[in-house]
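Take a look at the structure below.
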Amino acid sequence: MTASAAGVLRRTPFHERTGPLCRAANWRRWAGHFAAGSYEPTHEHEYQAIRSAAALLDVSPLYKYRLSGRGAEAVANRVVTRDVARQAVGQVYYTPWCDGAGKVRDDGTLQRLDEADFRLTSAEPTLKWLHENARGLDVEIEEETERVGALALQGPLSRDLLQRITDADVAGLGYFRVMTARIAGLAAEISRTGYTGDLGYEIWVDAGDAIPLWDALTSAGEPFGLAPAGLLALDMARLEAGLLLVDVDYVPAQRAVIEDQKSSPYELGLGWAVALNASNFVGRAALRAELARPPEWRFRGITLDWESLEDAYAEVRLPPQLPGMTLRESVPLYAGGRQVGYATSRGWSPTLKTYLGLAHLRADFADIGTRLQIEVTVEHQRRRARATVARTPFFDPERKRANP
């Protein structure tokens, strides 16, 4: 039995540094690891570092798998919904993957490090499923979750900071591209990816180099306002970016109890990441059939009407109460007294000064601009406030994709 299976949380390769920094003692569980919810008693400063300076997030608990050998491309093409045959060396795909019925099992990134060398990241353990789809193919599949440390360096000053301590042309690295580099003399892969919807990078190193990497980044980052950031700040940023969170915004198909809990890529707004003309990936036939039918569900953003919230609270003589962190419980959405969907993630955006949410909606009520009502709880009473269907991402700065 592994330590994780026994209920004992593991430490990431960076814990020697992140542990003493977590003054709030606000630890969360992430894939069997300790993960800082916030380093300070509140996460506002950490969030502001993401949006206005630079933030450093330990994302090592991500499941990481290496696919190598002559059959590596074939396996990747078998499991993800993207066309891997068209993926260039040095390119990163964001992608979902599905079961045979076309329902999403998980989503993550696929890095093509060489012609026959890939790294797949996921939120859920995926090793067994990869092996099941690799039978008969000449491929080596290795889990490197514990062997590779990963840091996300995010924020508008992240490029300038990273360029200062690397030998590579970070300024020339395109959006969703990956390259090898040396950071303060340490061998690493740098990908221009992240989960904040902002300019940012993820750095992948051997676990033995984790502490020197952390020290190099934090030393160089002081003039840039670099701050460590935890999961609460990250959750707020990813909501503004309209990014899905497994187990919150959708249920992985392999863990759903009933069929209605499952979602296809089209129902999650990920149709753009489905290449139906690619090789015969798992679930392709089902997704082709689904595309031929009128959609039943759509995944959308919503914005809550401020005056409506004020009115709901005014009935009990209170000012509006705003959530200090992203709310993750499901709440109903209505149109004309009929429930037409449900919101999953919700929260107040400090940057946009708007109450935002992500929601599953019946297709007839999913057009941008559609007026709805959302259930809100005020002093233990269920009330309704006005909401409007909105496009995502809510926050989409030009710097995220642009090169200087």
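Ordered as shown in the structure tokens, chains take letters A, B, and onward, while each chain numbers its residues from 1 and ligands are numbered from 1 in the order shown.
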Taking the backbone alone, and naming residues the way the document does, which bits of segment 28-143 of chain A are helix (DSSP H, G or I) by DSSP, as a list in words?
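So the helix (DSSP H, G or I) residues in segment 28-143 of chain A would be Glu44, His45, Glu46, Tyr47, Gln48, Ala49, Ile50, Arg51, Ser52, Ala72, Glu73, Ala74, Val75, Ala76, Asn77, Arg78, Val79, Val84, Ala85, Arg86, Leu127, Lys128, Trp129, Leu130, His131 and Glu132 of chain A.
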With C-alpha atoms retained, could you export that selection as a PDB file, in the first residue's frame?
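Contents of the output file part_31.pdb:
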ATOM      1  CA  GLU A  44      -5.697  38.640  -1.648  1.00  0.00           C
ATOM      2  CA  HIS A  45      -2.000  39.497  -1.935  1.00  0.00           C
ATOM      3  CA  GLU A  46      -1.294  36.204  -3.694  1.00  0.00           C
ATOM      4  CA  TYR A  47      -4.074  36.857  -6.193  1.00  0.00           C
ATOM      5  CA  GLN A  48      -2.827  40.395  -6.846  1.00  0.00           C
ATOM      6  CA  ALA A  49       0.658  39.010  -7.500  1.00  0.00           C
ATOM      7  CA  ILE A  50      -0.825  36.848 -10.264  1.00  0.00           C
ATOM      8  CA  ARG A  51      -2.605  39.774 -11.878  1.00  0.00           C
ATOM      9  CA  SER A  52      -0.166  42.655 -11.329  1.00  0.00           C
ATOM     10  CA  ALA A  72       4.125   7.121 -28.703  1.00  0.00           C
ATOM     11  CA  GLU A  73       2.291   9.243 -31.267  1.00  0.00           C
ATOM     12  CA  ALA A  74      -0.156   6.419 -31.967  1.00  0.00           C
ATOM     13  CA  VAL A  75      -0.997   6.076 -28.276  1.00  0.00           C
ATOM     14  CA  ALA A  76      -1.429   9.827 -27.864  1.00  0.00           C
ATOM     15  CA  ASN A  77      -3.674   9.917 -30.928  1.00  0.00           C
ATOM     16  CA  ARG A  78      -5.669   7.056 -29.488  1.00  0.00           C
ATOM     17  CA  VAL A  79      -6.404   8.687 -26.130  1.00  0.00           C
ATOM     18  CA  VAL A  84      -1.506  14.594 -32.578  1.00  0.00           C
ATOM     19  CA  ALA A  85      -0.152  13.848 -36.046  1.00  0.00           C
ATOM     20  CA  ARG A  86      -0.305  17.605 -36.678  1.00  0.00           C
ATOM     21  CA  LEU A 127      -1.595   5.291 -15.997  1.00  0.00           C
ATOM     22  CA  LYS A 128      -3.822   2.203 -16.178  1.00  0.00           C
ATOM     23  CA  TRP A 129      -5.971   3.741 -18.905  1.00  0.00           C
ATOM     24  CA  LEU A 130      -2.904   4.669 -20.954  1.00  0.00           C
ATOM     25  CA  HIS A 131      -1.624   1.093 -20.766  1.00  0.00           C
ATOM     26  CA  GLU A 132      -5.023  -0.264 -21.774  1.00  0.00           C
TER      27      GLU A 132
END
Distance query Ser345 of chain A at most 8 Å, only C-alpha atoms, self and fewer than 3 positions along chain excluded, as a JSON list (two decimals) with N, CA and C atoms, in the first residue's frame:
[["chain", "number", "residue", "atom", "x", "y", "z"],
["A", 239, "LEU", "N", -11.21, 31.04, -12.48],
["A", 239, "LEU", "CA", -12.61, 31.39, -12.71],
["A", 239, "LEU", "C", -12.71, 32.58, -13.65],
["A", 248, "VAL", "N", -15.53, 19.82, -9.97],
["A", 248, "VAL", "CA", -16.31, 21.01, -9.62],
["A", 248, "VAL", "C", -17.22, 21.38, -10.79],
["A", 249, "ASP", "N", -16.62, 21.60, -11.95],
["A", 249, "ASP", "CA", -17.39, 21.99, -13.13],
["A", 249, "ASP", "C", -17.84, 20.79, -13.97],
["A", 326, "THR", "N", -13.60, 31.49, -4.31],
["A", 326, "THR", "CA", -14.47, 30.87, -5.29],
["A", 326, "THR", "C", -15.38, 29.84, -4.63],
["A", 327, "LEU", "N", -16.67, 29.97, -4.88],
["A", 327, "LEU", "CA", -17.65, 29.02, -4.36],
["A", 327, "LEU", "C", -17.79, 27.87, -5.33],
["A", 328, "ARG", "N", -17.88, 26.66, -4.79],
["A", 328, "ARG", "CA", -17.85, 25.48, -5.65],
["A", 328, "ARG", "C", -19.11, 24.63, -5.59],
["A", 329, "GLU", "N", -20.10, 25.02, -4.80],
["A", 329, "GLU", "CA", -21.29, 24.19, -4.75],
["A", 329, "GLU", "C", -22.23, 24.55, -5.90],
["A", 330, "SER", "N", -23.00, 23.57, -6.36],
["A", 330, "SER", "CA", -23.93, 23.77, -7.46],
["A", 330, "SER", "C", -25.19, 24.49, -6.98],
["A", 357, "GLY", "N", -19.68, 33.58, -12.76],
["A", 357, "GLY", "CA", -19.93, 32.16, -12.54],
["A", 357, "GLY", "C", -19.77, 31.37, -13.81],
["A", 358, "LEU", "N", -19.63, 30.06, -13.66],
["A", 358, "LEU", "CA", -19.63, 29.12, -14.77],
["A", 358, "LEU", "C", -20.85, 28.23, -14.60],
["A", 359, "ALA", "N", -21.47, 27.84, -15.71],
["A", 359, "ALA", "CA", -22.76, 27.16, -15.59],
["A", 359, "ALA", "C", -23.02, 26.19, -16.73]]
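Coordinates place atom CA of Gly71 of chain A at a distance of 24.8 Å from atom CA of Ala286 of chain A.
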As a ChimeraX atom specification, please: the residues near Ala188 of chain A (cut-off 7 Å, only C-alpha atoms, same-chain neighbours under 5 positions excluded).
/A:180-183,203-205
Which is closest to Trp97 of chain A among A:Ala53, A:Val376, A:Ile190, A:Val282, if we use only C-alpha atoms?
A:Val282
Near Leu62 of chain A, within 9 Å and counting only C-alpha atoms, which residues show up once chain neighbours fewer than 6 positions away are dropped, as JSON, numbers by chain?
{"A": [30, 31, 121, 122, 123, 124, 145, 150]}
All residues 7 Å or closer to segment 309-321 of chain A, only C-alpha atoms, same chain fewer than 4 positions away omitted, as a ChimeraX atom specification
/A:305,378,383,385
Skip Asp235 of chain A itself and residues of its chain fewer than 2 positions away, then list as a list in words all residues within 10 Å of it, counting only C-alpha atoms.
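Skipping anything fewer than 2 positions along the chain leaves Gly37, Tyr47, Tyr195, Thr196, Gly230, Leu231, Leu232, Ala233, Ala237, Arg238, Leu239, Glu240, Ala241, Leu243, Leu245, Met325, Thr326, Leu327, Arg328, Ser345 and Gly347 of chain A.
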Take the residues from that selection and put them in a file with C-alpha atoms, as a PDB file, in the first residue's frame.
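Final output, part.pdb:
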ATOM      1  CA  GLY A  37      -4.391  26.846   0.116  1.00  0.00           C
ATOM      2  CA  TYR A  47      -4.074  36.857  -6.193  1.00  0.00           C
ATOM      3  CA  TYR A 195      -4.086  27.922 -15.260  1.00  0.00           C
ATOM      4  CA  THR A 196      -4.476  31.630 -14.498  1.00  0.00           C
ATOM      5  CA  GLY A 230      -1.707  28.941  -3.216  1.00  0.00           C
ATOM      6  CA  LEU A 231      -4.813  27.203  -4.489  1.00  0.00           C
ATOM      7  CA  LEU A 232      -7.303  29.861  -3.327  1.00  0.00           C
ATOM      8  CA  ALA A 233      -5.683  32.575  -5.446  1.00  0.00           C
ATOM      9  CA  ALA A 237      -7.781  33.457 -11.347  1.00  0.00           C
ATOM     10  CA  ARG A 238      -8.963  30.363 -13.240  1.00  0.00           C
ATOM     11  CA  LEU A 239     -12.606  31.390 -12.712  1.00  0.00           C
ATOM     12  CA  GLU A 240     -11.897  34.767 -14.323  1.00  0.00           C
ATOM     13  CA  ALA A 241     -10.248  32.866 -17.178  1.00  0.00           C
ATOM     14  CA  LEU A 243     -11.253  27.453 -17.048  1.00  0.00           C
ATOM     15  CA  LEU A 245     -12.008  22.413 -12.776  1.00  0.00           C
ATOM     16  CA  MET A 325     -13.110  32.863  -2.387  1.00  0.00           C
ATOM     17  CA  THR A 326     -14.472  30.874  -5.292  1.00  0.00           C
ATOM     18  CA  LEU A 327     -17.651  29.024  -4.357  1.00  0.00           C
ATOM     19  CA  ARG A 328     -17.850  25.478  -5.647  1.00  0.00           C
ATOM     20  CA  SER A 345     -18.021  27.791  -9.856  1.00  0.00           C
ATOM     21  CA  GLY A 347     -17.092  34.254  -7.174  1.00  0.00           C
TER      22      GLY A 347
END
Looking at A:Glu375, A:Asp396, A:Asp160, A:Glu296, which one is nearest to Gly225 of chain A, with distances taken over only C-alpha atoms?
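Closest to Gly225 of chain A, using only C-alpha atoms: A:Asp160.
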What separation in Å, quoted to one decimal, exists between atom CA of Asn403 of chain A and atom CA of Ser191 of chain A?
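Result for atom CA of Asn403 of chain A versus atom CA of Ser191 of chain A: 14.1 Å, one decimal.
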